[in-house]
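Below you'll find the structure, written out as structure tokens, and then a few comments.
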Amino acid sequence: MPAAQANLDPSRSFQGLILALQEFWAGQGCVILQPYDMEVGAGTFHPATTLRALGPKPWNAAYVQPSRRPKDGRYGENPNRLQHYYQFQVILKPSPPDLQQLYLDSLKVIGISSDLHDIRFVEDDWESPTLGAWGLGWECWCDGMEVSQFTYFQQVAGVECAPVAGELTYGLERLAMYVQGVDRVYDLNFNGLDGDRKVTYGDVFLQAEREYSKHNFEVADTGMLFEQFKMAEQACKKYLNAGYNAERTRHGMALPAYDQCIKASHVFNLLDARGVISVTERQSYILRVRELAKACGEAWLMTEAGGA
Amino acid sequence: MPDLLLELFSEEIPARMQARAADDLKKMVTDRLVAAGLVYEGAKAFATPRRLALTVQGIPARQPDLKEERKGPKVGAPEQAIAGFMKAAGLTSIDQAKVQADKKGDFYVAITERKGRDATDVIAEMIPEIVRTFPWPKQMRWGADSARPGALTWVRPLHSIIATFGPETEEPAVLAFEIGGIKAGNETRGHRFMAPGSFKVRRFDDYVAALEKARVVLDPARRMDIIRTDARNLAFAQGHELVEDEGLTAEVAGLVEWPVPLMGSFDKDFLAIPGEVIRSTIRANQKCFVLRDPSSSRLVNKFILVSNIEASDGGKAIVAGNERVIRARLSDAKFFYETDLKKKLEDRLPKFESIVFHEKLGTQAERIARIVSLAGQLAPVVGADAAKAERAARLCKADLLTEVVGEFPELQGLMGRYYAQAQNEDEAVAHAIEDHYRPKGPEDLVPADPVSIAVALADKIDTLVGFWSIDEKPTGSKDPYALRRAALGVIRIVIDNQLRLPLRRLLWRHFGAVARDEALASAFAALHPIHDDIANISATDIELAMKLEVLVSAKERSIASPKLIEAHSFVTPTRDLIAFFADRLKVQLREQGARHDLVDAVFALQGQDDLLMVVRRVEALGQFLETDDGKNLLAGVKRASNILRIEEKKDGRSYAGAVDASLLKDAEEKALASAVATAKRETATAVGKEDFAAAMRALAKLRPTVDAFFDKVTVNADDKAVRANRLTLLNEIREATRAVADFSRIEG
């Protein structure tokens, strides 16, 4: 390993922090993946987590996932709320016995030492109604700030996890703000350089936050989105049907079908942000996405990677 | 005698589950010890974020030997019977049985002795079963093992178990058992960060000491003490005072093994936010304590956090980190508060038109309109200004749509008051907005200002009538809409403020108001004058219903639709809801020490719907029955009732009616007849004046004549007419007492 360049020090560079985490988890034998090329609400939606958490085969992966939460947009005016942000996601199946220690070690490499900082595991049971998933674990606190989510998956896509996978989700912007000592996310130093060569998080994302906030809350074409939801739902079902062999014992289309499930979920989030879904309808949309997720999970178990 | 030490070491146990888990562990182990014949001397259980621990002292080293006797067949019984007995008792020859004699003859007895087992074996069998069946509210699987069916589950991954057993004088034994691949041993670990290494322990005493050395305070009560004491001292040293918070102290004690309170501060500007908002922000999100100035009781710009480590820099980084988070949280809160202040409460109301309160009960706007109308009706009854009551009712829910209440629902009402004051509402209106939720629990204050009373009653009555009208009543332990609390709230408001509030008419009308059918509502409105007549008759429910039907058919049928008949159907839910109030009042009075039979005796009277009067009657009755006159009269009335019951059953008729003076023969019955007539008159007058003590005194005068009557007069006279007249006289005694209570419901 070459000596770390000063501009990649995690305490002064956002990308340095990402690289340090990748390097740490690569060292633990994880495959380092790239973000999934679709809009998702959280790193969990990446098939490398949702689908790979199912079935008996071991799986260790880590990746950054841009996450879109249309409703959380604040037109770039809130110091720490974003409609697009990065999660660093680690999934280890089966969950290793020293997972908590590994997590603490990973904090150390980004400059958070447990001699100096008060790190706490505070109860937080995780549930994703759209994914039909739940797990037990904690939110991890550093000096009173939630910096990660730590979950032992018990069920995903309505299927019991056997074996259980451990999932770590780092809120990268928050962690970076903490280690850089910055109060406004847009002030984060992205590339770790100074003077003219410094690029901030705001340089990269502020305009996008403004534009997408307007899009999400005011302009997104709801007629089109309602149509897209239906289309994605139908396509998902169609691909699921087409993927089964004659005996319905094997499946060969779980991944394309799941893409449509992700699509439906994101379209729903946009519709929700536009405020065109009533409280009662909301529940039924969530249920419809969950049905898709469950069917995809079932199909996945009949694929090779799903252990069939 | 030997002691048991047990420790279950795991990843972080949720704070809210720890105390219960320690209790469960103790109970499960000690119950099983006792069931196994191992009677122990004492036991104590503890919990930290990472461990459950149990010490049981003075357990016998062995189970006692058990001798069992089994009675068998008679000597000389058929062979089959003897063979069956031998098999059941485990005998190889009938000679092994003893022969005993009873009055039916000789029979066999098998005596089997079961040797007691070593406690170590018994306990080693017991613990795995306890761990596998432990009642965590939620549990999980983990690791490679989780793929196997029947894999171990625990609240979070379980890492190690200590189980040692032995007397104080010897090296204790490690119990031999294994659960889910974890072998019981005598090693544990200290504090996650300050003493992560493992170490061996022997028994409870050195275990606690070793943990302490390894920066773990085992006893949660001690951790709470440390937090309280250190936090108070930190506050005191700066001239401040800790805002005590036992719930938070317990929660924080469940988040740390080594509590280190530290003080931080925030910008003084934030003190412009109401103190409750600051406290909720700091408490809910950060689990930190707030401080106040002891002289003014106002919050100061300081807080206390409880760290889990003694940091190498003395806690500077930790304090700085917490200060940053709290600054961000308070900025949000300040922003919310200031945003809220920009919009008047009434300007928020239109939004309620699109918010459903309950699918079958319409929108929040409709509910608010009902509360407004009800508060207006109640205002004159409770001595409030109707305009103010209606204003407060109109605004009382508006804060639900504010940012601060969205963030901290527990501040509902309070924020409404602040915002009302900020827009210069009348003080009574502002306070009614806050107080209309009260009393929120048995410890909470009851509203006392008339405007608050009107709105608080209206809110609760609308809730009760609403859910009653759609048949969503509490059942068993299920009461999702907190209807019991609402009814008790009404009762406490009425009693504490000495309010006269006959419920029947009020509730009946409100059932009409919640009926969401417009045709029904207008038909119902047309009925109001009629109903006013009925209410004045103070009729029973059945009479009321009949009367209504007559009136509807006679006067109103021409204008009436079937809806009018439907309006009449509110009689049943009204009666039902009054019975619910009666039940809650009974519970309440019982809790205050009133005899439940007296409460029953008063409610057995027809038409009791005035809670305050019921309570007064019960009080007067209780005092009366403490006196000799009361006790004796009760005995006399009971005797009269018993005779009547028997004779009325025998004769198949009732003896209600007037006594025929011409048939009165004996002096004692003449005296009684005249005394009963006087008592009836006097009690009626006293009850009319609501002077129940005087009513009791009037009844007390009956006692000597009743006693004399039973002494001297034979009720079952040969002359049938005389007998009937005497039975009628007995009935009159009963009737006289019914002015205050149904004496037959009173015990003793």
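Letters for chains follow the order of the structure tokens (A, B, ...), residue numbers begin at 1 for each chain, and ligand numbers begin at 1 in the order shown.
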Considering only C-alpha atoms, return as a PyMOL selection string whatever protein or nucleic-acid residues lie within 10 Å of Ala83 (chain B), sequence-local ones (same chain, fewer than 6 positions apart) excluded.
chain B and resi 73+89+91-94
Put those residues in a file: N, CA and C atoms, as a PDB file, in the first residue's frame.
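selection.pdb, written as the output of this step:
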ATOM      1  N   PRO B  73     -53.386 -52.787  44.836  1.00  0.00           N
ATOM      2  CA  PRO B  73     -54.633 -53.544  44.999  1.00  0.00           C
ATOM      3  C   PRO B  73     -54.641 -54.318  46.324  1.00  0.00           C
ATOM      4  N   ALA B  89     -45.287 -49.427  39.576  1.00  0.00           N
ATOM      5  CA  ALA B  89     -44.411 -49.041  40.684  1.00  0.00           C
ATOM      6  C   ALA B  89     -42.964 -49.466  40.443  1.00  0.00           C
ATOM      7  N   LEU B  91     -41.758 -52.620  40.331  1.00  0.00           N
ATOM      8  CA  LEU B  91     -41.352 -53.747  41.186  1.00  0.00           C
ATOM      9  C   LEU B  91     -41.111 -54.978  40.311  1.00  0.00           C
ATOM     10  N   THR B  92     -40.150 -55.817  40.715  1.00  0.00           N
ATOM     11  CA  THR B  92     -39.901 -57.042  39.966  1.00  0.00           C
ATOM     12  C   THR B  92     -40.608 -58.229  40.628  1.00  0.00           C
ATOM     13  N   SER B  93     -40.896 -58.083  41.923  1.00  0.00           N
ATOM     14  CA  SER B  93     -41.630 -59.144  42.622  1.00  0.00           C
ATOM     15  C   SER B  93     -42.576 -58.484  43.600  1.00  0.00           C
ATOM     16  N   ILE B  94     -43.734 -59.106  43.808  1.00  0.00           N
ATOM     17  CA  ILE B  94     -44.713 -58.516  44.713  1.00  0.00           C
ATOM     18  C   ILE B  94     -44.232 -58.548  46.153  1.00  0.00           C
TER      19      ILE B  94
END
Interface residues on chain A facing chain B, 7 Å, only C-alpha atoms, written as a ChimeraX atom specification
/A:94-97,114-118,121-123,136,143-145,152,154,162-164
Could you name the residues that touch region 10-18 of chain A at 8 Å or less, counting only C-alpha atoms, but leaving out those on the same chain fewer than 2 positions away, as a ChimeraX atom specification?
/A:7-8,20-22,64,88,110-111,172-173,176,179-180,188-193
What's around Glu690 (chain B) at 9 Å? Count only C-alpha atoms, leave out sequence neighbours fewer than 6 positions away in its own chain, and write the answer as a VMD selection string.
chain B and resid 613 616 to 617
Taking only region 368-496 of chain B into account, list the residues labelled alpha helix (DSSP H) by DSSP (computed from the backbone), as a ChimeraX atom specification.
/B:368-382,386-395,403-407,414-422,427-435,450-469,483-496
Contact table region 86-201 of chain A vs region 75-78 of chain A, cut-off 10 Å, shortest pair per residue, only C-alpha atoms, as CSV:
residue,atom,partner,partner_atom,distance
A:Arg184,CA,A:Asn78,CA,8.1
A:Val185,CA,A:Asn78,CA,8.8
A:Tyr186,CA,A:Gly76,CA,8.5
Rounded to one decimal in Å, what is the spacing between CA of Ala295 (chain A) and CA of Ala308 (chain A)?
15.8 Å
Based on DSSP run over this structure's backbone, return all residues of region 157-303 of chain B in strand (DSSP E), as a PyMOL selection string.
chain B and resi 158-166+173-174+178-179+182-185+187-189+198-200+241-242+260-265+289-292+299-303
Give me the residues near Arg575 (chain B) as an MDAnalysis selection string, where near means some atom within 9 Å (using only C-alpha atoms) and where sequence neighbours in that chain fewer than 4 positions away do not count.
chainID B and resid 504 508 541 570:571 579:580
